[in-house]
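Undergrad: Here you go, protein-v4.cif (mmCIF, C-alpha atoms):
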```
data_structure
loop_
_atom_site.group_PDB
_atom_site.id
_atom_site.type_symbol
_atom_site.label_atom_id
_atom_site.label_comp_id
_atom_site.auth_asym_id
_atom_site.auth_seq_id
_atom_site.Cartn_x
_atom_site.Cartn_y
_atom_site.Cartn_z
ATOM 1 C CA MET A 1 0.000 0.000 0.000
ATOM 2 C CA LYS A 2 1.207 3.485 -0.852
ATOM 3 C CA THR A 3 0.059 6.794 0.655
ATOM 4 C CA ILE A 4 0.658 10.177 -0.998
ATOM 5 C CA GLN A 5 0.120 13.601 0.552
ATOM 6 C CA ALA A 6 -1.211 15.819 -2.228
ATOM 7 C CA GLU A 7 -1.950 19.480 -2.889
ATOM 8 C CA ILE A 8 -3.672 21.113 -5.831
ATOM 9 C CA LYS A 9 -4.672 24.648 -6.752
ATOM 10 C CA ASN A 10 -8.362 24.967 -7.507
ATOM 11 C CA ARG A 11 -9.635 27.275 -10.252
ATOM 12 C CA LYS A 12 -9.596 30.230 -7.866
ATOM 13 C CA GLY A 13 -5.970 29.689 -6.915
ATOM 14 C CA ASN A 14 -6.669 28.256 -3.470
ATOM 15 C CA THR A 15 -4.812 25.209 -2.203
ATOM 16 C CA LEU A 16 -6.772 22.018 -1.529
ATOM 17 C CA ARG A 17 -4.971 19.372 0.511
ATOM 18 C CA GLY A 18 -5.583 15.665 0.521
ATOM 19 C CA ILE A 19 -4.454 12.066 0.716
ATOM 20 C CA VAL A 20 -4.168 9.459 -2.020
ATOM 21 C CA THR A 21 -4.150 5.795 -0.988
ATOM 22 C CA LEU A 22 -2.930 3.323 -3.626
ATOM 23 C CA PRO A 23 -2.429 -0.450 -3.752
ATOM 24 C CA GLY A 24 1.243 0.157 -4.646
ATOM 25 C CA GLU A 25 3.139 1.154 -7.749
ATOM 26 C CA GLY A 26 1.234 1.022 -11.021
ATOM 27 C CA ARG A 27 -1.990 2.288 -12.576
ATOM 28 C CA TYR A 28 -5.318 1.525 -10.932
ATOM 29 C CA PRO A 29 -9.038 2.279 -10.943
ATOM 30 C CA ALA A 30 -9.594 5.195 -8.567
ATOM 31 C CA VAL A 31 -12.379 6.440 -6.305
ATOM 32 C CA LEU A 32 -12.661 10.176 -5.646
ATOM 33 C CA ASN A 33 -14.497 10.452 -2.326
ATOM 34 C CA LEU A 34 -16.192 13.656 -1.111
ATOM 35 C CA HIS A 35 -16.668 14.350 2.600
ATOM 36 C CA GLY A 36 -19.754 15.590 4.418
ATOM 37 C CA PHE A 37 -20.903 18.892 5.923
ATOM 38 C CA GLY A 38 -18.595 20.172 8.639
ATOM 39 C CA GLY A 39 -16.340 17.171 8.119
ATOM 40 C CA ASN A 40 -13.066 16.499 6.397
ATOM 41 C CA MET A 41 -11.346 13.981 4.167
ATOM 42 C CA SER A 42 -10.923 11.474 7.005
ATOM 43 C CA GLY A 43 -14.653 11.242 7.734
ATOM 44 C CA TYR A 44 -16.278 10.721 11.121
ATOM 45 C CA LYS A 45 -13.981 8.624 13.339
ATOM 46 C CA ALA A 46 -11.762 7.997 10.268
ATOM 47 C CA LEU A 47 -14.647 6.423 8.317
ATOM 48 C CA HIS A 48 -13.135 7.353 4.961
ATOM 49 C CA VAL A 49 -9.638 6.316 5.995
ATOM 50 C CA SER A 50 -10.802 2.757 6.614
ATOM 51 C CA MET A 51 -12.679 2.805 3.295
ATOM 52 C CA ALA A 52 -9.564 3.976 1.421
ATOM 53 C CA ARG A 53 -7.437 1.237 2.965
ATOM 54 C CA GLU A 54 -10.005 -1.445 2.164
ATOM 55 C CA LEU A 55 -10.207 -0.202 -1.431
ATOM 56 C CA ALA A 56 -6.408 -0.256 -1.757
ATOM 57 C CA ALA A 57 -6.332 -3.830 -0.451
ATOM 58 C CA ALA A 58 -8.864 -4.661 -3.181
ATOM 59 C CA GLY A 59 -6.671 -3.141 -5.910
ATOM 60 C CA ILE A 60 -8.366 0.262 -6.171
ATOM 61 C CA GLY A 61 -6.953 3.700 -5.419
ATOM 62 C CA CYS A 62 -8.782 6.289 -3.335
ATOM 63 C CA VAL A 63 -8.448 10.081 -3.459
ATOM 64 C CA ARG A 64 -9.694 12.196 -0.525
ATOM 65 C CA PHE A 65 -9.384 15.974 -0.205
ATOM 66 C CA ASP A 66 -10.708 18.619 2.139
ATOM 67 C CA PHE A 67 -13.038 21.008 0.332
ATOM 68 C CA TYR A 68 -12.118 24.700 0.338
ATOM 69 C CA GLY A 69 -12.904 26.142 3.772
ATOM 70 C CA ASN A 70 -12.699 22.729 5.418
ATOM 71 C CA GLY A 71 -10.015 20.789 7.258
ATOM 72 C CA GLU A 72 -6.458 21.380 6.039
ATOM 73 C CA SER A 73 -7.424 23.168 2.817
ATOM 74 C CA ASP A 74 -7.248 26.941 2.406
ATOM 75 C CA GLY A 75 -10.115 29.167 3.478
ATOM 76 C CA GLU A 76 -12.581 29.428 6.345
ATOM 77 C CA PHE A 77 -15.806 27.470 6.774
ATOM 78 C CA ASP A 78 -17.978 30.565 6.357
ATOM 79 C CA GLU A 79 -16.422 31.152 2.921
ATOM 80 C CA MET A 80 -17.692 27.821 1.597
ATOM 81 C CA THR A 81 -20.431 27.912 -1.053
ATOM 82 C CA PHE A 82 -22.294 25.064 -2.685
ATOM 83 C CA THR A 83 -21.161 26.222 -6.120
ATOM 84 C CA GLY A 84 -17.611 26.159 -4.785
ATOM 85 C CA LEU A 85 -18.049 22.541 -3.683
ATOM 86 C CA LEU A 86 -19.112 21.584 -7.201
ATOM 87 C CA GLU A 87 -16.182 23.491 -8.693
ATOM 88 C CA ASP A 88 -13.729 21.847 -6.280
ATOM 89 C CA THR A 89 -15.134 18.452 -7.251
ATOM 90 C CA GLU A 90 -14.619 19.150 -10.948
ATOM 91 C CA ASP A 91 -11.072 20.406 -10.320
ATOM 92 C CA LEU A 92 -10.211 17.363 -8.200
ATOM 93 C CA TRP A 93 -11.731 15.024 -10.778
ATOM 94 C CA ARG A 94 -9.642 16.473 -13.606
ATOM 95 C CA TRP A 95 -6.513 16.422 -11.449
ATOM 96 C CA THR A 96 -7.078 12.748 -10.564
ATOM 97 C CA ALA A 97 -7.696 11.832 -14.210
ATOM 98 C CA GLY A 98 -4.322 13.323 -15.132
ATOM 99 C CA GLN A 99 -2.274 11.351 -12.584
ATOM 100 C CA PRO A 100 -0.054 8.502 -13.811
ATOM 101 C CA TRP A 101 -1.478 6.103 -11.198
ATOM 102 C CA ALA A 102 -5.123 6.648 -12.214
ATOM 103 C CA ASP A 103 -6.908 4.618 -14.879
ATOM 104 C CA GLU A 104 -9.067 7.409 -16.299
ATOM 105 C CA SER A 105 -11.482 4.922 -17.872
ATOM 106 C CA ARG A 106 -12.293 3.381 -14.470
ATOM 107 C CA MET A 107 -12.774 6.360 -12.163
ATOM 108 C CA ILE A 108 -15.583 6.273 -9.604
ATOM 109 C CA LEU A 109 -17.142 9.288 -7.895
ATOM 110 C CA SER A 110 -18.219 8.790 -4.284
ATOM 111 C CA GLY A 111 -19.609 10.968 -1.521
ATOM 112 C CA GLN A 112 -21.106 10.774 1.949
ATOM 113 C CA SER A 113 -23.956 12.979 3.232
ATOM 114 C CA MET A 114 -23.343 16.469 1.765
ATOM 115 C CA GLY A 115 -20.593 14.879 -0.315
ATOM 116 C CA GLY A 116 -23.199 12.492 -1.715
ATOM 117 C CA LEU A 117 -25.412 15.418 -2.709
ATOM 118 C CA VAL A 118 -22.446 17.091 -4.408
ATOM 119 C CA ALA A 119 -21.437 13.856 -6.171
ATOM 120 C CA ALA A 120 -24.961 13.330 -7.486
ATOM 121 C CA LEU A 121 -25.104 16.842 -8.961
ATOM 122 C CA ALA A 122 -21.587 16.647 -10.413
ATOM 123 C CA ALA A 123 -22.041 13.215 -12.023
ATOM 124 C CA PRO A 124 -23.995 14.298 -15.152
ATOM 125 C CA ARG A 125 -21.110 16.607 -16.131
ATOM 126 C CA LEU A 126 -18.171 14.473 -15.021
ATOM 127 C CA ARG A 127 -19.677 11.174 -16.240
ATOM 128 C CA PRO A 128 -17.748 8.877 -13.875
ATOM 129 C CA HIS A 129 -17.478 5.175 -14.622
ATOM 130 C CA ALA A 130 -19.691 4.580 -11.575
ATOM 131 C CA LEU A 131 -21.220 6.527 -8.685
ATOM 132 C CA ILE A 132 -21.405 5.740 -4.945
ATOM 133 C CA LEU A 133 -23.796 7.718 -2.729
ATOM 134 C CA MET A 134 -23.542 7.123 1.014
ATOM 135 C CA CYS A 135 -26.639 8.574 2.725
ATOM 136 C CA PRO A 136 -26.823 11.407 0.161
ATOM 137 C CA GLY A 137 -27.760 14.627 1.937
ATOM 138 C CA ALA A 138 -30.547 15.937 -0.277
ATOM 139 C CA GLY A 139 -32.460 16.936 2.859
ATOM 140 C CA MET A 140 -30.158 19.891 3.506
ATOM 141 C CA TRP A 141 -31.666 21.547 0.412
ATOM 142 C CA TYR A 142 -35.264 21.530 1.655
ATOM 143 C CA GLY A 143 -36.112 24.892 3.191
ATOM 144 C CA CYS A 144 -32.503 26.081 3.169
ATOM 145 C CA ARG A 145 -33.386 29.608 1.999
ATOM 146 C CA GLU A 146 -36.244 29.889 4.483
ATOM 147 C CA ARG A 147 -34.060 28.749 7.396
ATOM 148 C CA SER A 148 -31.519 31.459 6.722
ATOM 149 C CA GLN A 149 -34.203 34.098 6.174
ATOM 150 C CA ALA A 150 -35.810 33.218 9.505
ATOM 151 C CA MET A 151 -32.457 33.435 11.300
ATOM 152 C CA GLU A 152 -31.654 36.798 9.744
ATOM 153 C CA GLU A 153 -35.079 38.124 10.724
ATOM 154 C CA GLN A 154 -34.164 37.245 14.316
ATOM 155 C CA GLY A 155 -30.860 39.099 13.981
ATOM 156 C CA ILE A 156 -28.767 35.929 13.802
ATOM 157 C CA ALA A 157 -25.961 36.764 11.387
ATOM 158 C CA PHE A 158 -24.491 33.278 11.047
ATOM 159 C CA GLY A 159 -24.940 29.707 12.192
ATOM 160 C CA ASP A 160 -22.770 28.127 14.882
ATOM 161 C CA ILE A 161 -22.129 24.558 13.734
ATOM 162 C CA GLU A 162 -20.346 23.090 16.753
ATOM 163 C CA GLY A 163 -17.776 25.893 16.605
ATOM 164 C CA LEU A 164 -17.793 26.395 12.839
ATOM 165 C CA LYS A 165 -19.110 29.735 11.550
ATOM 166 C CA PHE A 166 -21.712 28.972 8.872
ATOM 167 C CA SER A 167 -22.682 31.704 6.416
ATOM 168 C CA HIS A 168 -26.251 32.229 5.228
ATOM 169 C CA ALA A 169 -24.726 32.755 1.780
ATOM 170 C CA PHE A 170 -24.230 28.989 1.558
ATOM 171 C CA ASN A 171 -27.964 28.338 1.934
ATOM 172 C CA TYR A 172 -28.931 31.061 -0.527
ATOM 173 C CA ASP A 173 -26.500 29.556 -3.051
ATOM 174 C CA LEU A 174 -27.715 26.003 -2.392
ATOM 175 C CA ALA A 175 -31.305 27.115 -3.023
ATOM 176 C CA ASN A 176 -30.425 27.725 -6.672
ATOM 177 C CA TYR A 177 -29.937 23.981 -7.190
ATOM 178 C CA HIS A 178 -32.300 21.010 -6.935
ATOM 179 C CA PRO A 179 -31.036 17.677 -5.546
ATOM 180 C CA PHE A 180 -32.975 15.498 -7.997
ATOM 181 C CA ARG A 181 -33.636 17.676 -11.033
ATOM 182 C CA ASP A 182 -29.961 18.598 -11.349
ATOM 183 C CA ALA A 183 -28.838 14.996 -10.851
ATOM 184 C CA LYS A 184 -30.673 13.840 -13.981
ATOM 185 C CA GLY A 185 -28.627 12.719 -16.947
ATOM 186 C CA TYR A 186 -26.110 10.387 -15.329
ATOM 187 C CA GLN A 187 -26.420 6.950 -16.927
ATOM 188 C CA GLY A 188 -23.711 4.868 -15.274
ATOM 189 C CA ARG A 189 -23.986 2.328 -12.494
ATOM 190 C CA VAL A 190 -24.928 3.615 -9.043
ATOM 191 C CA LEU A 191 -24.650 2.214 -5.512
ATOM 192 C CA ILE A 192 -26.733 3.957 -2.829
ATOM 193 C CA LEU A 193 -26.103 3.084 0.823
ATOM 194 C CA ARG A 194 -28.179 3.969 3.866
ATOM 195 C CA GLY A 195 -27.936 2.877 7.486
ATOM 196 C CA THR A 196 -31.210 1.594 8.893
ATOM 197 C CA ALA A 197 -30.724 3.826 11.977
ATOM 198 C CA ASP A 198 -29.976 6.986 9.991
ATOM 199 C CA ASP A 199 -32.124 9.809 11.396
ATOM 200 C CA LEU A 200 -30.963 12.417 8.861
ATOM 201 C CA VAL A 201 -31.484 10.690 5.502
ATOM 202 C CA ASP A 202 -34.604 8.578 5.058
ATOM 203 C CA ASP A 203 -35.621 5.874 2.614
ATOM 204 C CA LYS A 204 -37.730 8.363 0.640
ATOM 205 C CA VAL A 205 -34.635 10.340 -0.359
ATOM 206 C CA CYS A 206 -32.690 7.206 -1.272
ATOM 207 C CA GLY A 207 -35.694 5.780 -3.111
ATOM 208 C CA THR A 208 -36.027 8.955 -5.171
ATOM 209 C CA TYR A 209 -32.405 8.637 -6.265
ATOM 210 C CA LEU A 210 -32.992 4.957 -7.021
ATOM 211 C CA GLU A 211 -35.891 5.822 -9.325
ATOM 212 C CA LEU A 212 -33.882 8.596 -10.932
ATOM 213 C CA TYR A 213 -31.004 6.324 -11.920
ATOM 214 C CA GLY A 214 -33.038 3.350 -13.070
ATOM 215 C CA PRO A 215 -32.063 -0.314 -13.508
ATOM 216 C CA ASP A 216 -28.298 0.218 -13.206
ATOM 217 C CA SER A 217 -28.669 1.431 -9.630
ATOM 218 C CA ARG A 218 -29.196 -0.388 -6.366
ATOM 219 C CA LEU A 219 -29.940 0.596 -2.789
ATOM 220 C CA VAL A 220 -28.280 -1.332 0.029
ATOM 221 C CA HIS A 221 -29.382 -0.976 3.646
ATOM 222 C CA ILE A 222 -26.643 -1.251 6.268
ATOM 223 C CA GLU A 223 -28.266 -2.841 9.305
ATOM 224 C CA GLY A 224 -27.902 -0.747 12.466
ATOM 225 C CA GLY A 225 -25.861 1.940 10.777
ATOM 226 C CA ASN A 226 -26.517 5.570 11.643
ATOM 227 C CA HIS A 227 -25.707 8.573 9.438
ATOM 228 C CA ASN A 228 -21.985 8.014 9.966
ATOM 229 C CA PHE A 229 -22.139 4.193 10.083
ATOM 230 C CA ALA A 230 -20.622 4.599 13.540
ATOM 231 C CA ASN A 231 -20.318 1.081 14.834
ATOM 232 C CA ILE A 232 -18.016 -1.764 13.868
ATOM 233 C CA PRO A 233 -20.595 -4.054 12.161
ATOM 234 C CA ALA A 234 -22.019 -1.143 10.127
ATOM 235 C CA ARG A 235 -18.609 0.143 9.082
ATOM 236 C CA THR A 236 -17.487 -3.354 8.134
ATOM 237 C CA ALA A 237 -20.626 -3.947 6.065
ATOM 238 C CA LEU A 238 -20.320 -0.520 4.409
ATOM 239 C CA ASN A 239 -16.728 -1.123 3.334
ATOM 240 C CA GLU A 240 -17.559 -4.598 2.090
ATOM 241 C CA GLU A 241 -20.397 -3.268 -0.077
ATOM 242 C CA ILE A 242 -18.274 -0.440 -1.467
ATOM 243 C CA CYS A 243 -15.336 -2.705 -2.273
ATOM 244 C CA ARG A 244 -17.596 -5.330 -3.844
ATOM 245 C CA PHE A 245 -19.250 -2.713 -6.054
ATOM 246 C CA ALA A 246 -15.984 -0.986 -6.996
ATOM 247 C CA LYS A 247 -14.351 -4.291 -7.949
ATOM 248 C CA GLU A 248 -17.424 -5.346 -9.907
ATOM 249 C CA VAL A 249 -17.645 -2.174 -12.003
ATOM 250 C CA SER A 250 -13.862 -2.123 -12.452
ATOM 251 C CA GLN A 251 -13.903 -5.777 -13.534
ATOM 252 C CA LEU A 252 -11.285 -6.792 -10.985
#
```
Translate this file's structure into structure tokens.

TA:
Amino acid sequence: MKTIQAEIKNRKGNTLRGIVTLPGEGRYPAVLNLHGFGGNMSGYKALHVSMARELAAAGIGCVRFDFYGNGESDGEFDEMTFTGLLEDTEDLWRWTAGQPWADESRMILSGQSMGGLVAALAAPRLRPHALILMCPGAGMWYGCRERSQAMEEQGIAFGDIEGLKFSHAFNYDLANYHPFRDAKGYQGRVLILRGTADDLVDDKVCGTYLELYGPDSRLVHIEGGNHNFANIPARTALNEEICRFAKEVSQL
């Protein structure tokens, strides 16, 4: 297994920092994984680290970066916009495709929670070989403009997200998109994963994505998993499903 610390400049000249996990030397299928709201490339309790290592053991590379305004990347959390997340995803995708260790014809786009929402909206343009959505956070779109308007009417200038300063500008920007309408057009294979104890993303959201993508998609329920798949059986099952799907679509 080989680990690379990586930096890229996004289209606005800001530095994004990340980790690439590879099976070793050579050229491999690669997963670009997008983290969730208020999170970072490692995921909750290193959820995405364990996924990357399992993928590498299965012969598949994994690329994980902090979005602008998150984690080790440039910027502050209150500078993050939803459009910026989509732009970062496109920049990271093109960077990954140009690396000597990445098989451009077998690149998979993946995301968890907010990262799943971003991945779903980016997929029609990027046209990945396959798409993985872990508890895709479409719910954050519903009422986002109204929530910020109500806060501003009460004189609340920003949200306090467990110590992170959250700008209303993010919600106003997000309101310009639609989680399902703007995800239309992707025609590759899709794996959707939801924990049965997830209290943030329900089966209705996942079922809507399932209908959107058609016969080349499937929804897998992870028994006992919450939004972050935060127990050992759920994490083990999640990684097994992801690795099985990634190997299958990569024909490994």

Undergrad: Output the residue selection produced by the PyMOL selection byres ((chain A and resi 45) around 10) on the file above, formatted as a ChimeraX atom specification.

TA: /A:42-44,46-50,228-231

Undergrad: Could you list, as a PyMOL selection string, every residue matched by the PyMOL selection byres ((chain A and resi 251) around 12) in this structure?

TA: chain A and resi 28-29+58-60+105-106+129+243-250+252

Undergrad: Could you make a table, as a tab-separated table, of the residues of segment 123-169 of chain A that have an atom within 6 Å of an atom of segment 74-79 of chain A, each with its nearest atom pair and distance in Å to one decimal, counting all atoms listed in the file, in chain and number order?

TA:
```
residue	atom	partner	partner_atom	distance
A:Lys165	CA	A:Asp78	CA	5.4
A:Phe166	CA	A:Asp78	CA	4.8
A:Ser167	CA	A:Asp78	CA	4.8
```

Undergrad: In Å, with one decimal, what is the gap from atom CA of Val220 of chain A to atom CA of Ile132 of chain A?

TA: 11.0 Å

Undergrad: What does the distance between atom CA of Leu121 of chain A and atom CA of Tyr186 of chain A come to in Å, to one decimal place?

TA: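 Going from atom CA of Leu121 of chain A over to atom CA of Tyr186 of chain A, I get 9.1 Å.
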
Undergrad: Taking into account all atoms listed in the file, which residue in the set A:Arg147, A:Asn14, A:Asp103, A:His35 is nearest to Ala169 of chain A?

TA: A:Arg147

Undergrad: On this structure, which residues satisfy the PyMOL selection byres ((chain A and resi 5) around 12), written as a list of chain:residue names?

TA: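 Here the PyMOL selection byres ((chain A and resi 5) around 12) matches A:Lys2, A:Thr3, A:Ile4, A:Ala6, A:Glu7, A:Ile8, A:Leu16, A:Arg17, A:Gly18, A:Ile19, A:Val20, A:Thr21, A:Leu22, A:Val63, A:Arg64, A:Phe65, A:Glu72.
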
Undergrad: What is the distance, in Å and to one decimal place, between atom CA of Gly224 of chain A and atom CA of Ala138 of chain A?

TA: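 Atom CA of Ala138 of chain A lies at a distance of 21.2 Å from atom CA of Gly224 of chain A.
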
Undergrad: Could you give me segment 168-189 of chain A completed to N, CA, C and O atoms, formatted as a tab-separated table (two decimals), in the frame of the given file?

TA:
```tsv
chain	number	residue	atom	x	y	z
A	168	HIS	N	-24.97	32.36	5.91
A	168	HIS	CA	-26.25	32.23	5.23
A	168	HIS	C	-26.08	32.19	3.71
A	168	HIS	O	-26.94	31.66	3.00
A	169	ALA	N	-24.98	32.74	3.22
A	169	ALA	CA	-24.73	32.76	1.78
A	169	ALA	C	-24.69	31.34	1.21
A	169	ALA	O	-25.07	31.12	0.06
A	170	PHE	N	-24.25	30.38	2.02
A	170	PHE	CA	-24.23	28.99	1.56
A	170	PHE	C	-25.65	28.52	1.24
A	170	PHE	O	-25.90	27.92	0.19
A	171	ASN	N	-26.58	28.77	2.15
A	171	ASN	CA	-27.96	28.34	1.93
A	171	ASN	C	-28.61	29.05	0.75
A	171	ASN	O	-29.36	28.43	-0.02
A	172	TYR	N	-28.36	30.34	0.61
A	172	TYR	CA	-28.93	31.06	-0.53
A	172	TYR	C	-28.37	30.53	-1.85
A	172	TYR	O	-29.09	30.46	-2.85
A	173	ASP	N	-27.11	30.15	-1.85
A	173	ASP	CA	-26.50	29.56	-3.05
A	173	ASP	C	-27.08	28.17	-3.31
A	173	ASP	O	-27.46	27.84	-4.44
A	174	LEU	N	-27.17	27.36	-2.26
A	174	LEU	CA	-27.72	26.00	-2.39
A	174	LEU	C	-29.13	26.02	-2.95
A	174	LEU	O	-29.52	25.14	-3.73
A	175	ALA	N	-29.91	27.04	-2.59
A	175	ALA	CA	-31.30	27.12	-3.02
A	175	ALA	C	-31.45	27.23	-4.54
A	175	ALA	O	-32.53	26.95	-5.08
A	176	ASN	N	-30.38	27.60	-5.21
A	176	ASN	CA	-30.42	27.72	-6.67
A	176	ASN	C	-30.35	26.38	-7.38
A	176	ASN	O	-30.55	26.31	-8.59
A	177	TYR	N	-30.06	25.32	-6.62
A	177	TYR	CA	-29.94	23.98	-7.19
A	177	TYR	C	-31.15	23.15	-6.76
A	177	TYR	O	-31.93	23.55	-5.91
A	178	HIS	N	-31.28	21.97	-7.36
A	178	HIS	CA	-32.30	21.01	-6.94
A	178	HIS	C	-31.66	19.63	-6.87
A	178	HIS	O	-31.01	19.20	-7.83
A	179	PRO	N	-31.78	18.93	-5.74
A	179	PRO	CA	-31.04	17.68	-5.55
A	179	PRO	C	-31.37	16.58	-6.55
A	179	PRO	O	-30.51	15.74	-6.84
A	180	PHE	N	-32.58	16.57	-7.07
A	180	PHE	CA	-32.98	15.50	-8.00
A	180	PHE	C	-33.02	15.98	-9.45
A	180	PHE	O	-32.49	15.32	-10.33
A	181	ARG	N	-33.59	17.13	-9.67
A	181	ARG	CA	-33.64	17.68	-11.03
A	181	ARG	C	-32.24	17.81	-11.62
A	181	ARG	O	-31.98	17.41	-12.77
A	182	ASP	N	-31.30	18.34	-10.84
A	182	ASP	CA	-29.96	18.60	-11.35
A	182	ASP	C	-29.08	17.36	-11.36
A	182	ASP	O	-27.96	17.40	-11.88
A	183	ALA	N	-29.58	16.26	-10.79
A	183	ALA	CA	-28.84	15.00	-10.85
A	183	ALA	C	-29.21	14.18	-12.08
A	183	ALA	O	-28.57	13.16	-12.37
A	184	LYS	N	-30.23	14.59	-12.81
A	184	LYS	CA	-30.67	13.84	-13.98
A	184	LYS	C	-29.61	13.87	-15.08
A	184	LYS	O	-28.90	14.85	-15.24
A	185	GLY	N	-29.54	12.77	-15.81
A	185	GLY	CA	-28.63	12.72	-16.95
A	185	GLY	C	-27.47	11.77	-16.77
A	185	GLY	O	-26.83	11.38	-17.75
A	186	TYR	N	-27.18	11.37	-15.52
A	186	TYR	CA	-26.11	10.39	-15.33
A	186	TYR	C	-26.65	9.00	-15.64
A	186	TYR	O	-27.70	8.60	-15.13
A	187	GLN	N	-25.91	8.24	-16.44
A	187	GLN	CA	-26.42	6.95	-16.93
A	187	GLN	C	-25.53	5.76	-16.55
A	187	GLN	O	-25.76	4.65	-17.05
A	188	GLY	N	-24.56	5.97	-15.68
A	188	GLY	CA	-23.71	4.87	-15.27
A	188	GLY	C	-24.31	4.07	-14.13
A	188	GLY	O	-25.46	4.29	-13.71
A	189	ARG	N	-23.53	3.17	-13.60
A	189	ARG	CA	-23.99	2.33	-12.49
A	189	ARG	C	-23.87	3.08	-11.17
A	189	ARG	O	-22.92	3.84	-10.96
```
